[in-house]
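S.K.: Here it is: the structure, laid out below.
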Amino acid sequence: MVKGKITGLSVKDVRFPTSLGHHGSDAMHTDPDYSAAYVVIETDAEDALKGYGLTFTLGKGTEIVVCAVKALSHLVVGRNLEDIVTNFRDFYRQLTSDGQLRWIGPEKGVVQLATSAVLNAVWDLWAKQEGKPLWKLLVDMTPEQLVCCIDFRYITDALTEAQALEILRNGKQRQETREEHMLKNGYPAYTTSCAWLGYSDKQLQKLCAEALKEGWTRFKVKVGADLQDDIRRCKLIRDMIGPDNKLMLDANQRWDVNEAISWVKELALFKPLWIEEPTSPDDILGHGTISKALAPLGIGVATGEQCHNRVMFKQFLQAHALQYLQIDSCRLGSVNENLSVLLMARKFNIPVCPHAGGVGLCELVQHLIIFDYISVSGSLENRMCEYVDHLHEHFKHPVTIRNAAYMPPTDPGYSTEMKEESVLLYQFPSGAIWQQLIHEKKAEI
Ligand SMILES: C[C@H](O)[C@@H](O)CC(=O)C(=O)O
Ligand SMILES: [Mg+2]
């Protein structure tokens with residue numbers, strides 16, 4: 001039962017100094033401080049439940065997203081939660097179509113990140129009021145209710161509402177069997193934690209050995225800055241994991257199109273499954289050219305973590321420009337826009353392998369991919385979800401990984417809530433952690 005009027009929305013700039021340990025580093029983001037614009041919404045309902053939402057950023061710039069969240073808040077405060085969720089498509093459109101704010105988007109960049117943080121909080125609150133983890137809320141919704149959350153504007157040439165309904169109705173068949181499978185075995189994951197670009201070979205070997213012991217069988221390596229380094233690191237990791245485990249490469253947009261093709265050909269002997277973000281995330285035709293060139297080598301192209309909306313994904317799919325689609329729970333406009341992308345991926349028969357990691361991205365996206373398996377794709381073939389072993393301790397309901405798989409969350413909500421003490425300590429710049437780093441001249445405002 002959904003209830004209450006939204007009476008308040010607050011947003012905080014929360015940053016973790018991950019750059020100090022080179023965690024999260026890649027060929028383009030050499031010093032990321034994993035951060036979040038962290039939203040809390042309150043209602044006047046007696047249950048006193050709050051909704052928590054976030055979007056992921058890399059340090060500087062979080063304050064700009066915070067500003068955008070504040071600019072959106074007048075569209076949220078004062079609204080009745082039941083009205084929002086029963087007309088979710090309209091609400092999504094109100095947030096993304098504000099006559100003035102859309103000029104700095106539309107549906108991309110800072111305003112879309114802010115939209116995502118706000119809507120993630122709404123979904124969290126809805127799931128909490130229903131007493132279900134978000135994935136289960138989605139699984140239990142009817143196809144009609146689910147399509148009512150999706151804005152089909154700009155994608156009907158690829159997916160109509162009727163086609164979405166058909167996919168979701170088919171997805172209802174044997175749904176219980178797949179739910180049981182998830183509850184027993186979890187959703188398969190791969191790890192990126194061993195091979196950030198800033199890690200030494202020694203660190204890489206140590207982390208890889210530990211991961212193998214823990215049962216990981218799928219590994220991602222950062223590449224793209226220096227070819228000889230890449231060859232050395234890929235050989236190191238391939239030798240350690242053996243020929244049968246999976247290896248993926250991630251260049252984080254470092255190359256031009258032809259450079260990407262020739263560079264990846266040099267790494268082909270290490271048998272990577274995919275090359276991720278080989279070039280600009282906006283270059284759909286470029287990704288298509290790379291896909292064509294690498295297909296004979298058995299290497300696919302993966303992208304999506306910086307794909308800013310459903311229209312981009314539509315075109316990637318139409319242009320056969322990706323072979324692995326990487327949704328991101330905080331880059332797209334929350335669950336609403338992600339639903340449309342999951343359905344398009346199903347229609348085009350492309351496996352979804354979500355981007356996760358960052359801060360909170362694993363916590364959130366596990367709900368979406370578990371729902372995808374149970375109610376949309378119905379398949380685990382060629383599918384896996386990213387896992388990164390950082391910052392989970394700051395969440396009230398952190399992910400549970402068992403045998404290299406995400407176990408479905410059981411607590412009500414979207415797993416978005418951070419521990420209060422973490423928010424206090426890491427709030428930028430007033431939190432004690434940042435005050436200390438600023439004092440030691442290891443950080444600046
Ligand atoms: C800057 C981030 O850590 C980025 O490297 C993450 C990423 O590309 C991934 O996890 O994939
Ligand atoms: Mg990546």
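Ordering of the structure tokens sets the chain letters (A, B, ...); residue numbers start at 1 within each chain; ligands are numbered from 1 in the order shown.
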Please identify all protein, DNA and RNA residues within 7 Å of ligand 2, counting only C-alpha atoms and all ligand atoms, and report them as a list in words.
M.R.: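 Residues lying within 7 Å of ligand 2: Asp250, Asn252, Glu276, Glu277, Glu305 and His355 of chain A.
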S.K.: Would you save the residues of that selection, restricted to N, CA, C and O atoms, as a JSON list (two decimals), in the first residue's frame?
M.R.:
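Result file is out.json:
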```json
[["chain", "number", "residue", "atom", "x", "y", "z"],
["A", 250, "ASP", "N", 38.88, -3.41, -20.71],
["A", 250, "ASP", "CA", 38.13, -2.15, -20.61],
["A", 250, "ASP", "C", 39.08, -0.98, -20.88],
["A", 250, "ASP", "O", 40.02, -0.74, -20.13],
["A", 252, "ASN", "N", 37.97, 2.26, -21.42],
["A", 252, "ASN", "CA", 37.38, 3.52, -20.94],
["A", 252, "ASN", "C", 37.50, 4.69, -21.93],
["A", 252, "ASN", "O", 37.90, 5.79, -21.56],
["A", 276, "GLU", "N", 35.68, -3.28, -23.82],
["A", 276, "GLU", "CA", 34.66, -2.35, -23.31],
["A", 276, "GLU", "C", 35.08, -0.90, -23.58],
["A", 276, "GLU", "O", 36.25, -0.55, -23.44],
["A", 277, "GLU", "N", 34.11, -0.09, -23.96],
["A", 277, "GLU", "CA", 34.31, 1.32, -24.24],
["A", 277, "GLU", "C", 35.61, 1.59, -25.00],
["A", 277, "GLU", "O", 36.49, 2.31, -24.53],
["A", 305, "GLU", "N", 28.20, 2.19, -19.77],
["A", 305, "GLU", "CA", 28.28, 2.89, -18.48],
["A", 305, "GLU", "C", 28.21, 4.41, -18.64],
["A", 305, "GLU", "O", 27.85, 5.11, -17.71],
["A", 355, "HIS", "N", 27.00, -2.56, -15.79],
["A", 355, "HIS", "CA", 28.13, -1.89, -15.14],
["A", 355, "HIS", "C", 27.79, -1.75, -13.67],
["A", 355, "HIS", "O", 26.67, -1.39, -13.31]]
```
S.K.: Go through the chains and note each residue within 10 Å of ligand 1, using only C-alpha atoms and all ligand atoms, then give the set as a ChimeraX atom specification.
M.R.: /A:18-19,22-34,56-58,191-193,196-197,220-222,248-253,276-277,302-306,326,354-359,361,386-388
S.K.: Could you check which of A:His390, A:Arg402, A:Lys206, A:His397 is closest to Lys419 in chain A, using only C-alpha atoms?
M.R.: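 Checking each of A:His390, A:Arg402, A:Lys206, A:His397 against Lys419 in chain A, counting only C-alpha atoms, the winner is A:His397.
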S.K.: Just give me the gap between CA of Lys235 in chain A and CA of Cys208 in chain A in Å, one decimal is fine.
M.R.: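 Computing the Euclidean distance for CA of Lys235 in chain A and CA of Cys208 in chain A yields 12.7 Å.
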S.K.: Would you work out the distance separating CA of Gln315 in chain A from CA of Asp151 in chain A, expressed in Å to one decimal?
M.R.: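 Computing it gives 16.5 Å between the two atoms.
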S.K.: Please list as a VMD selection string every residue within 10 Å of Arg93 in chain A, counting only C-alpha atoms and excluding residues in the same chain fewer than 3 positions away.
M.R.: chain A and resid 88 to 90 96 to 98 107 150 to 151 153
